[in-house]
>>> print(open('my_file13.cif').read())   # mmCIF, C-alpha atoms
data_protein
#
loop_
_atom_site.label_atom_id
_atom_site.label_comp_id
_atom_site.auth_asym_id
_atom_site.auth_seq_id
_atom_site.Cartn_x
_atom_site.Cartn_y
_atom_site.Cartn_z
CA MET A 1 -77.85 13.57 36.86
CA VAL A 2 -79.10 17.07 36.11
CA ARG A 3 -81.73 16.82 33.38
CA GLY A 4 -82.12 19.62 30.88
CA LEU A 5 -80.17 21.98 28.65
CA GLY A 6 -77.59 24.08 30.47
CA LEU A 7 -75.97 27.23 29.09
CA HIS A 8 -73.22 28.03 31.58
CA LYS A 9 -71.79 31.54 31.30
CA VAL A 10 -72.16 31.51 27.52
CA SER A 11 -70.96 34.65 25.76
CA ILE A 12 -70.79 35.14 21.99
CA ALA A 13 -68.90 37.92 20.25
CA LYS A 14 -68.07 39.09 16.77
CA GLY A 15 -64.73 40.80 16.82
CA ASP A 16 -64.65 43.00 19.90
CA HIS A 17 -68.44 43.30 20.05
CA VAL A 18 -70.22 41.02 22.53
CA LEU A 19 -73.56 40.02 21.01
CA LEU A 20 -75.07 38.19 23.94
CA SER A 21 -74.45 36.58 27.31
CA VAL A 22 -76.67 33.83 28.71
CA ASP A 23 -76.38 31.82 31.92
CA HIS A 24 -79.44 29.62 32.31
CA THR A 25 -80.53 25.99 32.56
CA VAL A 26 -83.71 24.88 30.80
CA ALA A 27 -85.28 22.03 32.75
CA SER A 28 -86.88 19.05 31.02
CA GLY A 29 -90.34 19.96 29.75
CA GLU A 30 -89.76 23.70 30.12
CA VAL A 31 -89.28 26.46 27.53
CA LEU A 32 -86.74 29.27 27.58
CA THR A 33 -87.50 32.06 25.12
CA VAL A 34 -84.78 34.39 23.86
CA MET A 35 -86.36 37.50 22.34
CA GLY A 36 -84.89 40.33 20.35
CA PRO A 37 -84.84 42.00 16.94
CA SER A 38 -82.94 40.63 13.95
CA GLY A 39 -79.19 40.89 14.22
CA VAL A 40 -78.81 40.60 18.00
CA GLY A 41 -77.45 37.05 17.87
CA LYS A 42 -80.45 34.83 18.52
CA SER A 43 -79.72 32.34 15.74
CA THR A 44 -76.01 32.57 16.53
CA LEU A 45 -76.76 31.23 20.01
CA LEU A 46 -78.53 28.22 18.45
CA ALA A 47 -75.55 27.67 16.14
CA PHE A 48 -73.25 27.54 19.17
CA ILE A 49 -75.50 24.98 20.86
CA THR A 50 -75.64 22.78 17.75
CA GLY A 51 -71.90 23.06 17.07
CA THR A 52 -72.28 24.99 13.83
CA LEU A 53 -71.05 28.42 14.90
CA ALA A 54 -69.49 30.31 11.99
CA PRO A 55 -65.74 30.96 12.33
CA ASP A 56 -66.17 34.75 12.38
CA PHE A 57 -67.82 34.44 15.81
CA THR A 58 -66.11 33.55 19.09
CA ALA A 59 -67.80 31.97 22.07
CA THR A 60 -66.96 31.24 25.67
CA GLY A 61 -68.84 29.19 28.23
CA THR A 62 -70.16 25.65 28.10
CA VAL A 63 -73.22 23.75 26.89
CA TRP A 64 -74.56 20.83 28.92
CA LEU A 65 -77.28 18.32 28.08
CA ASP A 66 -78.63 15.94 30.70
CA GLY A 67 -75.49 16.28 32.81
CA GLN A 68 -73.01 15.82 29.96
CA GLU A 69 -70.95 18.64 28.48
CA ILE A 70 -71.47 18.84 24.70
CA THR A 71 -69.61 22.10 23.99
CA TYR A 72 -67.00 20.39 21.84
CA ALA A 73 -68.97 17.36 20.65
CA PRO A 74 -69.49 16.89 16.89
CA PRO A 75 -72.86 18.30 15.80
CA HIS A 76 -74.31 14.89 14.89
CA LYS A 77 -73.58 13.54 18.38
CA ARG A 78 -75.21 16.33 20.37
CA ARG A 79 -78.77 14.89 20.24
CA VAL A 80 -80.22 18.35 19.77
CA GLY A 81 -83.16 18.81 17.39
CA ILE A 82 -83.95 22.09 15.67
CA LEU A 83 -86.91 23.54 13.77
CA PHE A 84 -86.47 26.52 11.46
CA GLN A 85 -88.77 29.04 9.76
CA ASP A 86 -88.78 26.82 6.67
CA ASP A 87 -89.94 23.21 6.98
CA LEU A 88 -86.90 21.97 4.97
CA LEU A 89 -88.68 18.83 3.77
CA PHE A 90 -86.89 16.96 1.00
CA PRO A 91 -88.92 17.63 -2.17
CA HIS A 92 -87.74 14.45 -3.90
CA LEU A 93 -88.94 12.20 -1.06
CA SER A 94 -92.46 11.22 -0.07
CA VAL A 95 -93.85 12.32 3.29
CA GLY A 96 -93.14 8.86 4.71
CA ALA A 97 -89.58 8.85 3.36
CA ASN A 98 -89.01 12.28 4.87
CA LEU A 99 -90.06 10.93 8.26
CA ALA A 100 -87.97 7.77 7.85
CA PHE A 101 -84.94 9.97 7.25
CA GLY A 102 -85.25 11.18 10.84
CA LEU A 103 -85.24 7.68 12.36
CA GLN A 104 -82.22 6.37 14.21
CA PRO A 105 -80.38 3.60 12.30
CA GLY A 106 -81.48 0.03 12.91
CA GLY A 107 -84.69 -1.95 13.03
CA THR A 108 -86.46 -3.91 10.34
CA THR A 109 -88.23 -2.27 7.44
CA SER A 110 -91.63 -3.12 8.93
CA GLU A 111 -90.62 -1.66 12.31
CA ARG A 112 -89.45 1.57 10.68
CA LEU A 113 -92.63 1.85 8.61
CA ALA A 114 -94.68 1.32 11.76
CA LYS A 115 -92.86 4.20 13.50
CA VAL A 116 -93.55 6.45 10.53
CA ASP A 117 -97.24 5.52 10.52
CA GLU A 118 -97.48 6.12 14.28
CA ALA A 119 -95.87 9.54 13.89
CA LEU A 120 -98.30 10.53 11.14
CA GLU A 121 -101.26 9.36 13.18
CA GLU A 122 -100.05 11.34 16.20
CA VAL A 123 -100.36 14.60 14.26
CA GLY A 124 -103.55 13.77 12.37
CA LEU A 125 -101.92 12.81 9.07
CA ALA A 126 -102.66 9.08 8.97
CA GLY A 127 -102.46 7.77 5.40
CA PHE A 128 -100.19 10.58 4.20
CA ALA A 129 -97.01 8.46 3.90
CA ASP A 130 -97.09 8.29 0.09
CA ARG A 131 -97.98 11.96 -0.44
CA ASP A 132 -95.68 14.40 -2.21
CA PRO A 133 -94.63 17.16 0.26
CA ALA A 134 -95.52 19.74 -2.42
CA THR A 135 -99.20 18.78 -2.05
CA LEU A 136 -99.29 19.59 1.68
CA SER A 137 -100.59 22.76 3.26
CA GLY A 138 -98.30 24.95 5.37
CA GLY A 139 -99.67 23.48 8.58
CA GLN A 140 -99.28 19.92 7.33
CA LYS A 141 -95.67 20.58 6.32
CA ALA A 142 -94.98 22.00 9.78
CA ARG A 143 -96.39 18.86 11.39
CA VAL A 144 -94.28 16.58 9.20
CA ALA A 145 -91.14 18.61 9.93
CA LEU A 146 -91.84 18.40 13.67
CA MET A 147 -92.36 14.64 13.67
CA ARG A 148 -89.28 14.03 11.49
CA MET A 149 -87.22 15.90 14.05
CA LEU A 150 -88.82 14.06 17.00
CA LEU A 151 -88.23 10.68 15.33
CA SER A 152 -84.50 11.40 15.58
CA GLU A 153 -85.00 11.11 19.38
CA PRO A 154 -83.39 14.40 20.41
CA CYS A 155 -82.73 15.21 24.06
CA ALA A 156 -83.43 18.93 23.56
CA LEU A 157 -85.38 21.03 21.08
CA LEU A 158 -84.32 24.35 19.56
CA LEU A 159 -86.86 26.57 17.78
CA ASP A 160 -85.57 29.19 15.35
CA GLU A 161 -88.72 31.27 14.77
CA PRO A 162 -90.49 28.21 13.31
CA PHE A 163 -93.96 29.82 13.43
CA SER A 164 -93.14 33.13 11.77
CA ARG A 165 -94.36 32.18 8.28
CA LEU A 166 -97.72 30.80 9.39
CA ASP A 167 -100.91 32.86 9.45
CA ALA A 168 -102.34 33.79 12.86
CA ALA A 169 -104.85 30.94 13.27
CA LEU A 170 -102.47 28.26 12.02
CA ARG A 171 -99.62 29.76 14.02
CA ALA A 172 -101.41 29.21 17.33
CA GLN A 173 -102.39 25.65 16.36
CA VAL A 174 -98.89 24.58 15.30
CA ARG A 175 -97.28 26.38 18.23
CA ASP A 176 -99.49 24.53 20.73
CA MET A 177 -98.75 21.24 18.99
CA VAL A 178 -94.98 21.77 19.19
CA PHE A 179 -95.03 22.73 22.86
CA ASP A 180 -97.40 19.87 23.74
CA ARG A 181 -95.24 17.27 21.97
CA ALA A 182 -92.09 18.63 23.62
CA ARG A 183 -93.65 18.55 27.10
CA ALA A 184 -95.00 15.04 26.53
CA ARG A 185 -91.43 13.92 25.82
CA ALA A 186 -89.97 16.00 28.69
CA LEU A 187 -87.69 17.88 26.30
CA PRO A 188 -86.05 21.15 27.31
CA VAL A 189 -86.92 23.75 24.67
CA LEU A 190 -85.04 26.91 23.70
CA MET A 191 -86.97 29.18 21.35
CA VAL A 192 -85.64 32.32 19.70
CA THR A 193 -88.19 34.77 18.36
CA HIS A 194 -89.01 38.43 17.90
CA ASP A 195 -92.74 37.76 18.42
CA ALA A 196 -94.23 38.59 21.84
CA ASP A 197 -97.23 36.27 21.29
CA ASP A 198 -94.91 33.30 20.72
CA ALA A 199 -92.97 34.19 23.85
CA GLN A 200 -96.12 34.43 25.98
CA ALA A 201 -97.52 31.18 24.58
CA ALA A 202 -94.34 29.34 25.55
CA GLY A 203 -95.14 30.00 29.19
CA GLY A 204 -91.55 29.96 30.42
CA VAL A 205 -88.70 32.32 31.23
CA ILE A 206 -88.09 35.09 28.69
CA ILE A 207 -84.67 36.62 28.10
CA THR A 208 -84.73 39.82 26.06
CA LEU A 209 -81.65 40.77 24.04
CA GLY A 210 -80.89 44.24 22.75
CA ALA A 211 -83.22 45.84 25.30
#
>>> encode(input="my_file13.cif", output="structure tokens")
Amino acid sequence: MVRGLGLHKVSIAKGDHVLLSVDHTVASGEVLTVMGPSGVGKSTLLAFITGTLAPDFTATGTVWLDGQEITYAPPHKRRVGILFQDDLLFPHLSVGANLAFGLQPGGTTSERLAKVDEALEEVGLAGFADRDPATLSGGQKARVALMRMLLSEPCALLLDEPFSRLDAALRAQVRDMVFDRARARALPVLMVTHDADDAQAAGGVIITLGA
């Protein structure tokens, strides 16, 4: 079985205008960066991969994950995790409840709580389960959002400029954490960004759109 995220002759258009064409396979543990200014179709590519492409766009080509075609699979069955610019934590839930939301169904309450505690400890937030997300710093929110997504056990990770709202020092710290956790889990990563520093830090192949 071919491990990784495969984009086979993918082309996305709006009307008669072709926005982008990509033909690349991201191996497990590697990062593919798609760079370009706003409006060139970076987020649209992620929407195609997750099965949420808006109807005013058309796409051709296929998406493969670990040897299985997922082009037409329902979004919730694609096993693809995504991080956005905003952390999107649920404000009415505690930090622990936010993480528990990401868990796969099943297991006893104590087993699920243990997974949440392990996730918090992994990112240096042990004891934060009962905290209100509103009391967290930007970096802490980013860590919780990352672990919630990883607890859903995705087979690939998409990054939609998730570091763009962090200041420079925090940006490097969170960026390294995301890439380290993805590599540790052997996840193929596709990041879209307009930031050259993010692209260089990813350390993988860079595709530039609109050049």
>>> atom_distance(input="my_file13.cif", atom1="atom CA of A:Gly61", atom2="atom CA of A:Met191")
19.4 Å
>>> closest_residue(input="my_file13.cif", among="A:Gly29, A:Pro188, A:Gly15, A:Gly203", to="A:Ala59", atoms="all atoms listed in the file")
A:Gly15
>>> axis_aligned_box(input="my_file13.cif", around="stretch 43-51 of chain A", padding_each_side="4 Å", output="lines of an AutoDock Vina configuration file")
center_x = -75.8
center_y = 27.7
center_z = 18.3
size_x = 15.8
size_y = 17.8
size_z = 13.1
>>> residues_around(input="my_file13.cif", residues="A:Leu158", least_positions_apart="2", cutoff="12 Å", atoms="only C-alpha atoms", output="number ranges by chain")
A: 5, 26, 30-34, 42-43, 45-50, 79-85, 146, 149-150, 154-156, 160-162, 178-179, 182, 187-193
>>> write_last_selection(input="my_file13.cif", atoms="C-alpha atoms", output="CSV table (one decimal), in the coordinates of the input")
chain,number,residue,atom,x,y,z
A,5,LEU,CA,-80.2,22.0,28.6
A,26,VAL,CA,-83.7,24.9,30.8
A,30,GLU,CA,-89.8,23.7,30.1
A,31,VAL,CA,-89.3,26.5,27.5
A,32,LEU,CA,-86.7,29.3,27.6
A,33,THR,CA,-87.5,32.1,25.1
A,34,VAL,CA,-84.8,34.4,23.9
A,42,LYS,CA,-80.4,34.8,18.5
A,43,SER,CA,-79.7,32.3,15.7
A,45,LEU,CA,-76.8,31.2,20.0
A,46,LEU,CA,-78.5,28.2,18.4
A,47,ALA,CA,-75.6,27.7,16.1
A,48,PHE,CA,-73.2,27.5,19.2
A,49,ILE,CA,-75.5,25.0,20.9
A,50,THR,CA,-75.6,22.8,17.8
A,79,ARG,CA,-78.8,14.9,20.2
A,80,VAL,CA,-80.2,18.4,19.8
A,81,GLY,CA,-83.2,18.8,17.4
A,82,ILE,CA,-84.0,22.1,15.7
A,83,LEU,CA,-86.9,23.5,13.8
A,84,PHE,CA,-86.5,26.5,11.5
A,85,GLN,CA,-88.8,29.0,9.8
A,146,LEU,CA,-91.8,18.4,13.7
A,149,MET,CA,-87.2,15.9,14.0
A,150,LEU,CA,-88.8,14.1,17.0
A,154,PRO,CA,-83.4,14.4,20.4
A,155,CYS,CA,-82.7,15.2,24.1
A,156,ALA,CA,-83.4,18.9,23.6
A,160,ASP,CA,-85.6,29.2,15.4
A,161,GLU,CA,-88.7,31.3,14.8
A,162,PRO,CA,-90.5,28.2,13.3
A,178,VAL,CA,-95.0,21.8,19.2
A,179,PHE,CA,-95.0,22.7,22.9
A,182,ALA,CA,-92.1,18.6,23.6
A,187,LEU,CA,-87.7,17.9,26.3
A,188,PRO,CA,-86.0,21.2,27.3
A,189,VAL,CA,-86.9,23.8,24.7
A,190,LEU,CA,-85.0,26.9,23.7
A,191,MET,CA,-87.0,29.2,21.4
A,192,VAL,CA,-85.6,32.3,19.7
A,193,THR,CA,-88.2,34.8,18.4
>>> atom_distance(input="my_file13.cif", atom1="atom CA of A:Phe57", atom2="atom CA of A:Ala199")
26.4 Å
>>> residues_around(input="my_file13.cif", residues="A:Leu99", least_positions_apart="2", cutoff="12 Å", atoms="all atoms listed in the file", output="mmCIF file with C-alpha atoms, in the coordinates of the input")
data_model
loop_
_atom_site.group_PDB
_atom_site.id
_atom_site.type_symbol
_atom_site.label_atom_id
_atom_site.label_comp_id
_atom_site.auth_asym_id
_atom_site.auth_seq_id
_atom_site.Cartn_x
_atom_site.Cartn_y
_atom_site.Cartn_z
ATOM 1 C CA LEU A 88 -86.900 21.970 4.970
ATOM 2 C CA LEU A 89 -88.680 18.830 3.770
ATOM 3 C CA PHE A 90 -86.890 16.960 1.000
ATOM 4 C CA LEU A 93 -88.940 12.200 -1.060
ATOM 5 C CA SER A 94 -92.460 11.220 -0.070
ATOM 6 C CA VAL A 95 -93.850 12.320 3.290
ATOM 7 C CA GLY A 96 -93.140 8.860 4.710
ATOM 8 C CA ALA A 97 -89.580 8.850 3.360
ATOM 9 C CA PHE A 101 -84.940 9.970 7.250
ATOM 10 C CA GLY A 102 -85.250 11.180 10.840
ATOM 11 C CA LEU A 103 -85.240 7.680 12.360
ATOM 12 C CA GLN A 104 -82.220 6.370 14.210
ATOM 13 C CA ARG A 112 -89.450 1.570 10.680
ATOM 14 C CA LEU A 113 -92.630 1.850 8.610
ATOM 15 C CA ALA A 114 -94.680 1.320 11.760
ATOM 16 C CA LYS A 115 -92.860 4.200 13.500
ATOM 17 C CA VAL A 116 -93.550 6.450 10.530
ATOM 18 C CA ASP A 117 -97.240 5.520 10.520
ATOM 19 C CA GLU A 118 -97.480 6.120 14.280
ATOM 20 C CA ALA A 119 -95.870 9.540 13.890
ATOM 21 C CA LEU A 120 -98.300 10.530 11.140
ATOM 22 C CA PHE A 128 -100.190 10.580 4.200
ATOM 23 C CA ALA A 129 -97.010 8.460 3.900
ATOM 24 C CA ASP A 130 -97.090 8.290 0.090
ATOM 25 C CA ARG A 131 -97.980 11.960 -0.440
ATOM 26 C CA PRO A 133 -94.630 17.160 0.260
ATOM 27 C CA LYS A 141 -95.670 20.580 6.320
ATOM 28 C CA ARG A 143 -96.390 18.860 11.390
ATOM 29 C CA VAL A 144 -94.280 16.580 9.200
ATOM 30 C CA ALA A 145 -91.140 18.610 9.930
ATOM 31 C CA LEU A 146 -91.840 18.400 13.670
ATOM 32 C CA MET A 147 -92.360 14.640 13.670
ATOM 33 C CA ARG A 148 -89.280 14.030 11.490
ATOM 34 C CA MET A 149 -87.220 15.900 14.050
ATOM 35 C CA LEU A 150 -88.820 14.060 17.000
ATOM 36 C CA LEU A 151 -88.230 10.680 15.330
ATOM 37 C CA SER A 152 -84.500 11.400 15.580
#
>>> resolve_selection(input="my_file13.cif", expression="the PyMOL selection byres ((chain A and resi 7) around 9)", output="list in words")
Leu5, Gly6, His8, Lys9, Val10, Val22, Asp23, His24, Thr25, Val26, Ile49, Gly61, Thr62, Val63 and Trp64 of chain A
>>> resolve_selection(input="my_file13.cif", expression="the PyMOL selection byres ((chain A and resi 195) around 10)", output="list in words")
Met35, Gly36, Pro37, Glu161, Phe163, Ser164, Val192, Thr193, His194, Ala196, Asp197, Asp198, Ala199 and Gln200 of chain A
>>> closest_residue(input="my_file13.cif", among="A:Val205, A:Glu111, A:Gly139, A:Leu157", to="A:Val174", atoms="all atoms listed in the file")
A:Gly139
>>> atom_distance(input="my_file13.cif", atom1="atom CA of A:Ala202", atom2="atom CA of A:Gly138")
21.0 Å
>>> closest_residue(input="my_file13.cif", among="A:Ser38, A:Thr52, A:Gln173, A:Thr44", to="A:Ile12", atoms="all atoms listed in the file")
A:Thr44
>>> closest_residue(input="my_file13.cif", among="A:Ala27, A:Ala13, A:Ala201, A:Ala186", to="A:Glu153", atoms="all atoms listed in the file")
A:Ala186
>>> resolve_selection(input="my_file13.cif", expression="the PyMOL selection byres ((chain A and resi 19) around 9)", output="JSON, numbers by chain")
{"A": [11, 12, 13, 14, 17, 18, 20, 21, 39, 40, 41, 42, 209, 210]}
>>> write_last_selection(input="my_file13.cif", atoms="C-alpha atoms", output="PDB file, in the frame of the given file")
ATOM      1  CA  SER A  11     -70.960  34.650  25.760  1.00  0.00           C
ATOM      2  CA  ILE A  12     -70.790  35.140  21.990  1.00  0.00           C
ATOM      3  CA  ALA A  13     -68.900  37.920  20.250  1.00  0.00           C
ATOM      4  CA  LYS A  14     -68.070  39.090  16.770  1.00  0.00           C
ATOM      5  CA  HIS A  17     -68.440  43.300  20.050  1.00  0.00           C
ATOM      6  CA  VAL A  18     -70.220  41.020  22.530  1.00  0.00           C
ATOM      7  CA  LEU A  20     -75.070  38.190  23.940  1.00  0.00           C
ATOM      8  CA  SER A  21     -74.450  36.580  27.310  1.00  0.00           C
ATOM      9  CA  GLY A  39     -79.190  40.890  14.220  1.00  0.00           C
ATOM     10  CA  VAL A  40     -78.810  40.600  18.000  1.00  0.00           C
ATOM     11  CA  GLY A  41     -77.450  37.050  17.870  1.00  0.00           C
ATOM     12  CA  LYS A  42     -80.450  34.830  18.520  1.00  0.00           C
ATOM     13  CA  LEU A 209     -81.650  40.770  24.040  1.00  0.00           C
ATOM     14  CA  GLY A 210     -80.890  44.240  22.750  1.00  0.00           C
TER      15      GLY A 210
END
>>> build_atoms(input="my_file13.cif", residues="stretch 64-97 of chain A", atoms="N, CA and C atoms", output="PDB file, keeping the file's coordinate frame")
ATOM      1  N   TRP A  64     -74.361  22.122  28.271  1.00  0.00           N
ATOM      2  CA  TRP A  64     -74.560  20.830  28.920  1.00  0.00           C
ATOM      3  C   TRP A  64     -75.933  20.283  28.558  1.00  0.00           C
ATOM      4  N   LEU A  65     -76.009  18.976  28.376  1.00  0.00           N
ATOM      5  CA  LEU A  65     -77.280  18.320  28.080  1.00  0.00           C
ATOM      6  C   LEU A  65     -77.401  17.059  28.925  1.00  0.00           C
ATOM      7  N   ASP A  66     -78.391  17.067  29.798  1.00  0.00           N
ATOM      8  CA  ASP A  66     -78.630  15.940  30.700  1.00  0.00           C
ATOM      9  C   ASP A  66     -77.357  15.532  31.448  1.00  0.00           C
ATOM     10  N   GLY A  67     -76.647  16.533  31.961  1.00  0.00           N
ATOM     11  CA  GLY A  67     -75.490  16.280  32.810  1.00  0.00           C
ATOM     12  C   GLY A  67     -74.186  16.039  32.082  1.00  0.00           C
ATOM     13  N   GLN A  68     -74.215  16.048  30.741  1.00  0.00           N
ATOM     14  CA  GLN A  68     -73.010  15.820  29.960  1.00  0.00           C
ATOM     15  C   GLN A  68     -72.641  17.092  29.198  1.00  0.00           C
ATOM     16  N   GLU A  69     -71.360  17.475  29.239  1.00  0.00           N
ATOM     17  CA  GLU A  69     -70.950  18.640  28.480  1.00  0.00           C
ATOM     18  C   GLU A  69     -70.862  18.280  26.993  1.00  0.00           C
ATOM     19  N   ILE A  70     -71.483  19.108  26.143  1.00  0.00           N
ATOM     20  CA  ILE A  70     -71.470  18.840  24.700  1.00  0.00           C
ATOM     21  C   ILE A  70     -70.832  19.992  23.919  1.00  0.00           C
ATOM     22  N   THR A  71     -70.172  20.904  24.621  1.00  0.00           N
ATOM     23  CA  THR A  71     -69.610  22.100  23.990  1.00  0.00           C
ATOM     24  C   THR A  71     -68.744  21.783  22.785  1.00  0.00           C
ATOM     25  N   TYR A  72     -67.964  20.718  22.896  1.00  0.00           N
ATOM     26  CA  TYR A  72     -67.000  20.390  21.840  1.00  0.00           C
ATOM     27  C   TYR A  72     -67.368  19.118  21.094  1.00  0.00           C
ATOM     28  N   ALA A  73     -68.547  18.583  21.336  1.00  0.00           N
ATOM     29  CA  ALA A  73     -68.970  17.360  20.650  1.00  0.00           C
ATOM     30  C   ALA A  73     -69.303  17.658  19.189  1.00  0.00           C
ATOM     31  N   PRO A  74     -69.092  16.688  18.293  1.00  0.00           N
ATOM     32  CA  PRO A  74     -69.490  16.890  16.890  1.00  0.00           C
ATOM     33  C   PRO A  74     -71.000  17.147  16.822  1.00  0.00           C
ATOM     34  N   PRO A  75     -71.438  17.966  15.883  1.00  0.00           N
ATOM     35  CA  PRO A  75     -72.860  18.300  15.800  1.00  0.00           C
ATOM     36  C   PRO A  75     -73.791  17.084  15.779  1.00  0.00           C
ATOM     37  N   HIS A  76     -73.412  16.037  15.040  1.00  0.00           N
ATOM     38  CA  HIS A  76     -74.310  14.890  14.890  1.00  0.00           C
ATOM     39  C   HIS A  76     -74.397  14.036  16.151  1.00  0.00           C
ATOM     40  N   LYS A  77     -73.540  14.317  17.139  1.00  0.00           N
ATOM     41  CA  LYS A  77     -73.580  13.540  18.380  1.00  0.00           C
ATOM     42  C   LYS A  77     -74.183  14.323  19.549  1.00  0.00           C
ATOM     43  N   ARG A  78     -74.709  15.494  19.277  1.00  0.00           N
ATOM     44  CA  ARG A  78     -75.210  16.330  20.370  1.00  0.00           C
ATOM     45  C   ARG A  78     -76.636  15.994  20.782  1.00  0.00           C
ATOM     46  N   ARG A  79     -77.374  15.268  19.946  1.00  0.00           N
ATOM     47  CA  ARG A  79     -78.770  14.890  20.240  1.00  0.00           C
ATOM     48  C   ARG A  79     -79.643  16.110  20.496  1.00  0.00           C
ATOM     49  N   VAL A  80     -79.424  17.134  19.681  1.00  0.00           N
ATOM     50  CA  VAL A  80     -80.220  18.350  19.770  1.00  0.00           C
ATOM     51  C   VAL A  80     -81.005  18.512  18.472  1.00  0.00           C
ATOM     52  N   GLY A  81     -82.322  18.611  18.568  1.00  0.00           N
ATOM     53  CA  GLY A  81     -83.160  18.810  17.390  1.00  0.00           C
ATOM     54  C   GLY A  81     -83.464  20.285  17.194  1.00  0.00           C
ATOM     55  N   ILE A  82     -83.677  20.685  15.954  1.00  0.00           N
ATOM     56  CA  ILE A  82     -83.950  22.090  15.670  1.00  0.00           C
ATOM     57  C   ILE A  82     -85.008  22.229  14.582  1.00  0.00           C
ATOM     58  N   LEU A  83     -85.908  23.192  14.776  1.00  0.00           N
ATOM     59  CA  LEU A  83     -86.910  23.540  13.770  1.00  0.00           C
ATOM     60  C   LEU A  83     -86.679  24.975  13.334  1.00  0.00           C
ATOM     61  N   PHE A  84     -86.731  25.201  12.018  1.00  0.00           N
ATOM     62  CA  PHE A  84     -86.470  26.520  11.460  1.00  0.00           C
ATOM     63  C   PHE A  84     -87.757  27.157  10.936  1.00  0.00           C
ATOM     64  N   GLN A  85     -87.638  28.374  10.400  1.00  0.00           N
ATOM     65  CA  GLN A  85     -88.770  29.040   9.760  1.00  0.00           C
ATOM     66  C   GLN A  85     -89.300  28.210   8.600  1.00  0.00           C
ATOM     67  N   ASP A  86     -88.393  27.665   7.795  1.00  0.00           N
ATOM     68  CA  ASP A  86     -88.780  26.820   6.670  1.00  0.00           C
ATOM     69  C   ASP A  86     -88.840  25.369   7.123  1.00  0.00           C
ATOM     70  N   ASP A  87     -89.773  24.604   6.549  1.00  0.00           N
ATOM     71  CA  ASP A  87     -89.940  23.210   6.980  1.00  0.00           C
ATOM     72  C   ASP A  87     -88.777  22.325   6.532  1.00  0.00           C
ATOM     73  N   LEU A  88     -88.079  22.701   5.453  1.00  0.00           N
ATOM     74  CA  LEU A  88     -86.900  21.970   4.970  1.00  0.00           C
ATOM     75  C   LEU A  88     -87.175  20.508   4.657  1.00  0.00           C
ATOM     76  N   LEU A  89     -88.390  20.201   4.200  1.00  0.00           N
ATOM     77  CA  LEU A  89     -88.680  18.830   3.770  1.00  0.00           C
ATOM     78  C   LEU A  89     -87.980  18.564   2.443  1.00  0.00           C
ATOM     79  N   PHE A  90     -87.562  17.320   2.248  1.00  0.00           N
ATOM     80  CA  PHE A  90     -86.890  16.960   1.000  1.00  0.00           C
ATOM     81  C   PHE A  90     -87.933  16.817  -0.109  1.00  0.00           C
ATOM     82  N   PRO A  91     -87.870  17.650  -1.152  1.00  0.00           N
ATOM     83  CA  PRO A  91     -88.920  17.630  -2.170  1.00  0.00           C
ATOM     84  C   PRO A  91     -88.939  16.357  -3.012  1.00  0.00           C
ATOM     85  N   HIS A  92     -87.801  15.642  -3.066  1.00  0.00           N
ATOM     86  CA  HIS A  92     -87.740  14.450  -3.900  1.00  0.00           C
ATOM     87  C   HIS A  92     -88.165  13.184  -3.146  1.00  0.00           C
ATOM     88  N   LEU A  93     -88.514  13.340  -1.862  1.00  0.00           N
ATOM     89  CA  LEU A  93     -88.940  12.200  -1.060  1.00  0.00           C
ATOM     90  C   LEU A  93     -90.411  12.333  -0.683  1.00  0.00           C
ATOM     91  N   SER A  94     -91.081  11.207  -0.537  1.00  0.00           N
ATOM     92  CA  SER A  94     -92.460  11.220  -0.070  1.00  0.00           C
ATOM     93  C   SER A  94     -92.495  11.682   1.396  1.00  0.00           C
ATOM     94  N   VAL A  95     -93.702  11.950   1.884  1.00  0.00           N
ATOM     95  CA  VAL A  95     -93.850  12.320   3.290  1.00  0.00           C
ATOM     96  C   VAL A  95     -93.297  11.224   4.198  1.00  0.00           C
ATOM     97  N   GLY A  96     -93.633   9.970   3.892  1.00  0.00           N
ATOM     98  CA  GLY A  96     -93.140   8.860   4.710  1.00  0.00           C
ATOM     99  C   GLY A  96     -91.626   8.743   4.667  1.00  0.00           C
ATOM    100  N   ALA A  97     -91.029   8.928   3.492  1.00  0.00           N
ATOM    101  CA  ALA A  97     -89.580   8.850   3.360  1.00  0.00           C
ATOM    102  C   ALA A  97     -88.900  10.002   4.091  1.00  0.00           C
TER     103      ALA A  97
END
